[in-house]
Structures are given as C-alpha cells and as structure tokens.
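Asker: Got target_29.pdb for you, PDB, C-alpha atoms:
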```
ATOM      1  CA  MET C   2       0.000   0.000   0.000
ATOM      2  CA  LYS C   3       2.859   2.336   0.938
ATOM      3  CA  HIS C   4       4.637   1.537  -2.337
ATOM      4  CA  PHE C   5       1.443   2.160  -4.268
ATOM      5  CA  LEU C   6       1.053   5.592  -2.662
ATOM      6  CA  ILE C   7       4.656   6.516  -3.487
ATOM      7  CA  LEU C   8       4.059   5.380  -7.063
ATOM      8  CA  CYS C   9       0.953   7.567  -7.271
ATOM      9  CA  VAL C  10       2.855  10.601  -5.976
ATOM     10  CA  VAL C  11       5.667  10.044  -8.523
ATOM     11  CA  ALA C  12       3.121   9.527 -11.311
ATOM     12  CA  LEU C  13       1.304  12.704 -10.342
ATOM     13  CA  ALA C  14       4.562  14.628 -10.195
ATOM     14  CA  LEU C  15       5.595  13.352 -13.618
ATOM     15  CA  GLY C  16       2.142  14.107 -15.003
ATOM     16  CA  GLY C  17       2.438  17.648 -13.726
ATOM     17  CA  CYS C  18       5.735  17.947 -15.509
ATOM     18  CA  ALA C  19       4.206  17.045 -18.868
ATOM     19  CA  GLY C  20       3.128  20.622 -19.462
ATOM     20  CA  LEU C  21       6.586  22.062 -18.781
ATOM     21  CA  ASP C  22       9.006  22.993 -21.527
ATOM     22  CA  PHE C  23      12.411  21.533 -20.685
ATOM     23  CA  SER C  24      13.983  22.891 -23.839
ATOM     24  CA  LYS C  25      13.579  26.455 -22.529
ATOM     25  CA  SER C  26      15.556  28.036 -19.700
ATOM     26  CA  ILE C  27      13.855  28.751 -16.384
ATOM     27  CA  LEU C  28      14.931  32.359 -16.983
ATOM     28  CA  ALA C  29      12.835  32.436 -20.142
ATOM     29  CA  GLY C  30       9.655  30.867 -18.775
ATOM     30  CA  GLY C  31      10.705  27.243 -19.365
ATOM     31  CA  ALA C  32      11.688  24.499 -16.935
ATOM     32  CA  SER C  33      15.316  23.780 -17.750
ATOM     33  CA  PRO C  34      17.974  25.141 -15.428
ATOM     34  CA  THR C  35      20.697  24.305 -17.964
ATOM     35  CA  ALA C  36      19.231  25.473 -21.315
ATOM     36  CA  SER C  37      20.891  28.520 -22.808
ATOM     37  CA  VAL C  38      19.028  31.815 -22.754
ATOM     38  CA  VAL C  39      18.572  33.602 -26.063
ATOM     39  CA  ASN C  40      18.417  37.287 -25.291
ATOM     40  CA  PRO C  41      15.890  39.304 -27.270
ATOM     41  CA  VAL C  42      17.288  41.650 -29.884
ATOM     42  CA  THR C  43      16.782  45.192 -28.625
ATOM     43  CA  PRO C  44      16.873  48.446 -30.622
ATOM     44  CA  ALA C  45      20.073  49.299 -28.713
ATOM     45  CA  MET C  46      21.704  46.101 -30.041
ATOM     46  CA  VAL C  47      20.685  47.048 -33.584
ATOM     47  CA  TYR C  48      22.203  50.503 -33.002
ATOM     48  CA  GLN C  49      25.496  48.919 -31.905
ATOM     49  CA  ALA C  50      25.523  46.602 -34.926
ATOM     50  CA  GLU C  51      24.763  49.506 -37.255
ATOM     51  CA  ASN C  52      27.639  51.515 -35.806
ATOM     52  CA  ALA C  53      30.010  48.574 -36.256
ATOM     53  CA  LEU C  54      28.918  48.404 -39.880
ATOM     54  CA  ILE C  55      29.275  52.196 -40.288
ATOM     55  CA  ALA C  56      32.868  51.961 -39.034
ATOM     56  CA  ALA C  57      33.622  49.096 -41.433
ATOM     57  CA  THR C  58      31.862  50.650 -44.427
ATOM     58  CA  SER C  59      33.366  54.157 -44.015
ATOM     59  CA  GLY C  60      36.799  52.726 -44.814
ATOM     60  CA  LEU C  61      35.390  50.835 -47.774
ATOM     61  CA  VAL C  62      33.742  53.973 -49.177
ATOM     62  CA  ALA C  63      37.034  55.893 -48.836
ATOM     63  CA  TYR C  64      38.771  53.036 -50.678
ATOM     64  CA  ARG C  65      36.125  53.040 -53.410
ATOM     65  CA  ARG C  66      36.406  56.822 -53.901
ATOM     66  CA  GLN C  67      40.197  56.545 -54.256
ATOM     67  CA  CYS C  68      39.691  53.676 -56.695
ATOM     68  CA  VAL C  69      37.226  55.659 -58.839
ATOM     69  CA  ARG C  70      39.586  58.673 -58.828
ATOM     70  CA  GLY C  71      42.376  56.393 -60.029
ATOM     71  CA  SER C  72      44.666  57.383 -57.170
ATOM     72  CA  ILE C  73      45.355  53.739 -56.226
ATOM     73  CA  ALA C  74      46.239  50.643 -58.248
ATOM     74  CA  GLN C  75      43.368  49.509 -60.466
ATOM     75  CA  SER C  76      43.396  46.057 -58.868
ATOM     76  CA  CYS C  77      41.101  47.837 -56.388
ATOM     77  CA  ARG C  78      38.192  47.202 -58.763
ATOM     78  CA  ALA C  79      38.509  43.450 -58.276
ATOM     79  CA  VAL C  80      38.735  43.920 -54.495
ATOM     80  CA  ILE C  81      35.552  46.009 -54.463
ATOM     81  CA  ALA C  82      33.732  43.486 -56.661
ATOM     82  CA  LYS C  83      34.764  40.749 -54.198
ATOM     83  CA  ILE C  84      33.488  42.637 -51.129
ATOM     84  CA  GLN C  85      30.245  43.977 -52.657
ATOM     85  CA  PRO C  86      28.245  40.718 -52.318
ATOM     86  CA  TYR C  87      28.843  40.841 -48.537
ATOM     87  CA  THR C  88      27.872  44.508 -48.211
ATOM     88  CA  ALA C  89      24.798  43.956 -50.402
ATOM     89  CA  ALA C  90      23.770  41.052 -48.156
ATOM     90  CA  ALA C  91      24.406  43.267 -45.111
ATOM     91  CA  LYS C  92      22.053  45.903 -46.529
ATOM     92  CA  THR C  93      19.302  43.309 -46.950
ATOM     93  CA  ALA C  94      19.941  41.901 -43.462
ATOM     94  CA  ILE C  95      19.804  45.314 -41.781
ATOM     95  CA  VAL C  96      16.587  46.282 -43.578
ATOM     96  CA  ASN C  97      15.017  42.958 -42.520
ATOM     97  CA  LEU C  98      16.284  43.351 -38.950
ATOM     98  CA  ARG C  99      14.732  46.815 -38.624
ATOM     99  CA  THR C 100      11.406  45.449 -39.881
ATOM    100  CA  PHE C 101      11.466  42.509 -37.439
ATOM    101  CA  ILE C 102      12.345  44.802 -34.514
ATOM    102  CA  ARG C 103       9.529  47.212 -35.389
ATOM    103  CA  SER C 104       7.000  44.374 -35.513
ATOM    104  CA  ASN C 105       8.566  42.734 -32.406
ATOM    105  CA  ASP C 106       9.146  39.497 -34.365
ATOM    106  CA  GLN C 107      11.887  38.211 -32.065
ATOM    107  CA  VAL C 108      12.315  34.820 -33.737
ATOM    108  CA  ASN C 109      13.249  36.344 -37.085
ATOM    109  CA  ALA C 110      15.029  39.302 -35.448
ATOM    110  CA  ILE C 111      17.436  36.915 -33.712
ATOM    111  CA  GLN C 112      18.147  35.130 -37.014
ATOM    112  CA  ALA C 113      18.665  38.412 -38.882
ATOM    113  CA  PHE C 114      20.890  39.734 -36.081
ATOM    114  CA  LYS C 115      23.074  36.616 -36.168
ATOM    115  CA  GLN C 116      23.280  36.851 -39.961
ATOM    116  CA  LEU C 117      24.270  40.526 -39.762
ATOM    117  CA  ARG C 118      26.910  39.811 -37.127
ATOM    118  CA  GLY C 119      28.357  37.086 -39.375
ATOM    119  CA  LEU C 120      28.358  39.438 -42.365
ATOM    120  CA  VAL C 121      30.202  42.168 -40.414
ATOM    121  CA  GLN C 122      32.851  39.568 -39.548
ATOM    122  CA  ASP C 123      33.007  38.469 -43.209
ATOM    123  CA  ILE C 124      33.411  42.074 -44.391
ATOM    124  CA  LEU C 125      36.189  42.706 -41.872
ATOM    125  CA  ALA C 126      37.905  39.463 -42.915
ATOM    126  CA  GLN C 127      37.676  40.422 -46.617
ATOM    127  CA  ARG C 128      39.045  43.893 -45.845
ATOM    128  CA  SER C 129      41.902  42.422 -43.897
ATOM    129  CA  ALA C 130      42.703  39.864 -46.629
ATOM    130  CA  ALA C 131      42.737  42.592 -49.297
ATOM    131  CA  GLY C 132      44.680  45.021 -47.104
ATOM    132  CA  VAL C 133      41.924  47.659 -47.347
TER     133      VAL C 133
ATOM    134  CA  MET G  30      48.278  79.408 -68.604
ATOM    135  CA  ASN G  31      46.711  76.065 -69.371
ATOM    136  CA  LYS G  32      49.394  74.341 -67.299
ATOM    137  CA  ILE G  33      48.706  76.586 -64.298
ATOM    138  CA  SER G  34      44.969  76.003 -64.580
ATOM    139  CA  ASN G  35      45.568  72.214 -64.697
ATOM    140  CA  LEU G  36      47.826  72.410 -61.657
ATOM    141  CA  ILE G  37      45.250  74.429 -59.719
ATOM    142  CA  SER G  38      42.433  72.020 -60.575
ATOM    143  CA  LYS G  39      44.686  69.070 -59.620
ATOM    144  CA  GLY G  40      45.486  70.799 -56.328
ATOM    145  CA  ILE G  41      41.807  71.412 -55.618
ATOM    146  CA  GLY G  42      41.110  67.750 -56.410
ATOM    147  CA  ILE G  43      43.750  66.603 -53.926
ATOM    148  CA  VAL G  44      42.402  68.924 -51.209
ATOM    149  CA  GLU G  45      38.861  67.676 -51.879
ATOM    150  CA  SER G  46      39.879  64.027 -51.718
ATOM    151  CA  VAL G  47      41.872  64.517 -48.508
ATOM    152  CA  TRP G  48      38.870  66.329 -47.026
ATOM    153  CA  GLU G  49      36.490  63.535 -48.058
ATOM    154  CA  ASP G  50      38.804  60.868 -46.620
ATOM    155  CA  ARG G  51      39.145  62.856 -43.415
ATOM    156  CA  ASP G  52      35.363  63.136 -43.179
ATOM    157  CA  LEU G  53      34.946  59.380 -43.618
ATOM    158  CA  ALA G  54      37.651  58.658 -41.051
ATOM    159  CA  LEU G  55      35.870  60.941 -38.574
ATOM    160  CA  ARG G  56      32.566  59.171 -39.234
ATOM    161  CA  ALA G  57      34.201  55.788 -38.570
ATOM    162  CA  LEU G  58      35.684  57.130 -35.325
ATOM    163  CA  ALA G  59      32.312  58.567 -34.273
ATOM    164  CA  ALA G  60      30.681  55.169 -34.913
ATOM    165  CA  VAL G  61      33.256  53.404 -32.728
ATOM    166  CA  LYS G  62      32.693  56.041 -30.040
ATOM    167  CA  ASN G  63      28.932  55.442 -30.236
ATOM    168  CA  ILE G  64      29.443  51.707 -29.663
ATOM    169  CA  ALA G  65      31.568  52.376 -26.609
ATOM    170  CA  SER G  66      29.700  55.250 -25.021
ATOM    171  CA  ASN G  67      26.041  55.170 -25.983
ATOM    172  CA  PRO G  68      24.368  52.066 -24.505
ATOM    173  CA  ASN G  69      20.965  53.780 -24.432
ATOM    174  CA  PRO G  70      20.487  55.469 -27.799
ATOM    175  CA  THR G  71      17.522  57.745 -28.351
ATOM    176  CA  GLN G  72      15.175  57.327 -31.311
ATOM    177  CA  ALA G  73      16.964  60.276 -32.967
ATOM    178  CA  ASP G  74      20.349  58.527 -32.518
ATOM    179  CA  MET G  75      18.956  55.352 -34.072
ATOM    180  CA  ASP G  76      17.349  57.204 -36.980
ATOM    181  CA  ALA G  77      20.632  59.018 -37.672
ATOM    182  CA  ALA G  78      22.552  55.708 -37.624
ATOM    183  CA  ASP G  79      19.975  54.123 -39.992
ATOM    184  CA  LYS G  80      20.338  57.007 -42.431
ATOM    185  CA  GLU G  81      24.130  57.119 -42.298
ATOM    186  CA  LEU G  82      24.520  53.367 -42.745
ATOM    187  CA  ASP G  83      22.075  53.271 -45.661
ATOM    188  CA  ALA G  84      23.939  56.089 -47.428
ATOM    189  CA  LEU G  85      27.332  54.395 -46.949
ATOM    190  CA  LEU G  86      26.124  50.966 -48.059
ATOM    191  CA  ASP G  87      24.322  52.413 -51.085
ATOM    192  CA  GLU G  88      27.443  54.289 -52.163
ATOM    193  CA  PHE G  89      29.710  51.284 -51.757
ATOM    194  CA  ASN G  90      27.274  48.852 -53.393
ATOM    195  CA  ALA G  91      26.669  51.006 -56.476
ATOM    196  CA  PRO G  92      28.219  49.591 -59.656
ATOM    197  CA  LEU G  93      31.663  51.009 -60.366
ATOM    198  CA  PRO G  94      31.860  53.452 -63.275
ATOM    199  CA  PRO G  95      33.970  52.218 -66.202
ATOM    200  CA  ALA G  96      37.714  52.628 -65.645
ATOM    201  CA  SER G  97      39.102  55.672 -67.452
TER     202      SER G  97
END
```
Mind turning the file's structure into structure tokens?

Answerer:
Amino acid sequence: MKHFLILCVVALALGGCAGLDFSKSILAGGASPTASVVNPVTPAMVYQAENALIAATSGLVAYRRQCVRGSIAQSCRAVIAKIQPYTAAAKTAIVNLRTFIRSNDQVNAIQAFKQLRGLVQDILAQRSAAGV
Amino acid sequence: MNKISNLISKGIGIVESVWEDRDLALRALAAVKNIASNPNPTQADMDAADKELDALLDEFNAPLPPAS
C-alpha cells in the first residue's frame, strides 16, 4: 500500500511535468535550469551593430572613392567586386532586422541579427585579406 | 596658362579628396565612439545611424563606373 502511494505521488509529479518545456531556460519561462538563454534583440543592439557596420563601411567607401579617382592601383576594382556581395547582403539583413524589430518578431530578429553579425565579420575578414 | 589652370584644378582635387577621406575617417571614429559610449540610444540617434549606414552601403554597393 505504501509503495502504491509513493508510485501515485511520482506519477502525479511526472504528469504535472508534462506541461513544462524543458527545452527552454527557467529564466525564459521554461523548466530547464541548464538550457541557454537567447536574449531578445533590442533596438540598442541594432544601433550597436549599425555603428560597427558604419565603421567598417566608411573605410570601404574611402577606398572606393580613391579607386574611382584612379589614385590607387586599379586592382582595387577586383577587391571592391569581391566585397560587394557581402555589403549587399548586409544591406538586406539590416533592412530585414529593422522590420522585425519594429514588428517585435523576435524569432526572425534573432536570425537576422546573427546573420548581420556574421556578415560584419566576413566584411572585416575580406578587408583584412585585401589590405583595405 | 593652361598648365597653371591644370595644376590648380589638380590641387583642388587633392584637397577635396583629402577632405572627403578625413570626413569618412571621422565618421568611422564617431561610430566606434557610439558603440563604446552610448548604450541607451535615443530614437533620434537610431534614426541618424539608420540614415548614415544606408547612405554608406548604397554608395559602396553602387556599380563602379567604367575605368578611365
């Protein structure tokens, strides 16, 4: 009888757990103490990312202007053509990110933010490789 | 006379390009400063950053004019 009661208590406890989300952190309304917490993307984070991109793109624009003026070696045209796909993708990502933030679509905002962060790193890597 | 005029226009071109490069360098520095010192941007700060970034990306992404 005692064992049966213990079994009932365990069963009830487990049944109560069925509605809990163990894939989500307890800090984010879930039940897992070990799951990672994905912070929401805030307008301030977008501002920081935009400024990082402004810093990276200012140098690229200066390089492009020198290239168009012909004051640097014309191999610069190939360098610009190589970097442009990344900066074009960054433009799309930032426009999407702003839209997701405005509509408070956090799921897509997090994806767009990660994509943008990756693109900033790619642009910096391309700049470094080309010596720009 | 023609030579002098060419030299003057070349000189003006150099001054203009140095000024443009200086302006861009200052904008890059200001952006880095914003990252470090403005954790709570206002709506006006964010709008200004949006506008500046769009202008820079549009200029860089535009097709290059044919080489002269």

Asker: What separation in Å, quoted to one decimal, exists between CA of Thr71 (chain G) and CA of Phe114 (chain C)?

Answerer: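 CA of Thr71 (chain G) sits 19.9 Å away from CA of Phe114 (chain C).
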
Asker: Given the file above and the PyMOL selection byres ((chain G and resi 57) around 8), which residues are selected, and can you give them as a PyMOL selection string?

Answerer: (chain C and resi 55-57+59-60) or (chain G and resi 53-56+58-61)

Asker: Check which residues satisfy the ChimeraX specification (/G :<12) & /C in the file shown, then give them as number ranges by chain.

Answerer: C: 43-72, 74-96, 98-99

Asker: Between CA of Arg118 (chain C) and CA of Ala73 (chain G), what is the distance, to one decimal in Å?

Answerer: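 Spanning CA of Arg118 (chain C) to CA of Ala73 (chain G) is a straight-line distance of 23.1 Å.
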
Asker: Please compute the CA of Arg128 (chain C)-CA of Ile111 (chain C) distance, one decimal, in Å.

Answerer: 25.7 Å

Asker: Where does the PyMOL selection byres ((chain C and resi 110) around 9) land in this file, that is, which residues does it pick, as a list in words?

Answerer: Pro41, Val42, Asn97, Leu98, Arg99, Thr100, Phe101, Ile102, Asn105, Asp106, Gln107, Val108, Asn109, Ile111, Gln112, Ala113, Phe114 and Lys115 of chain C
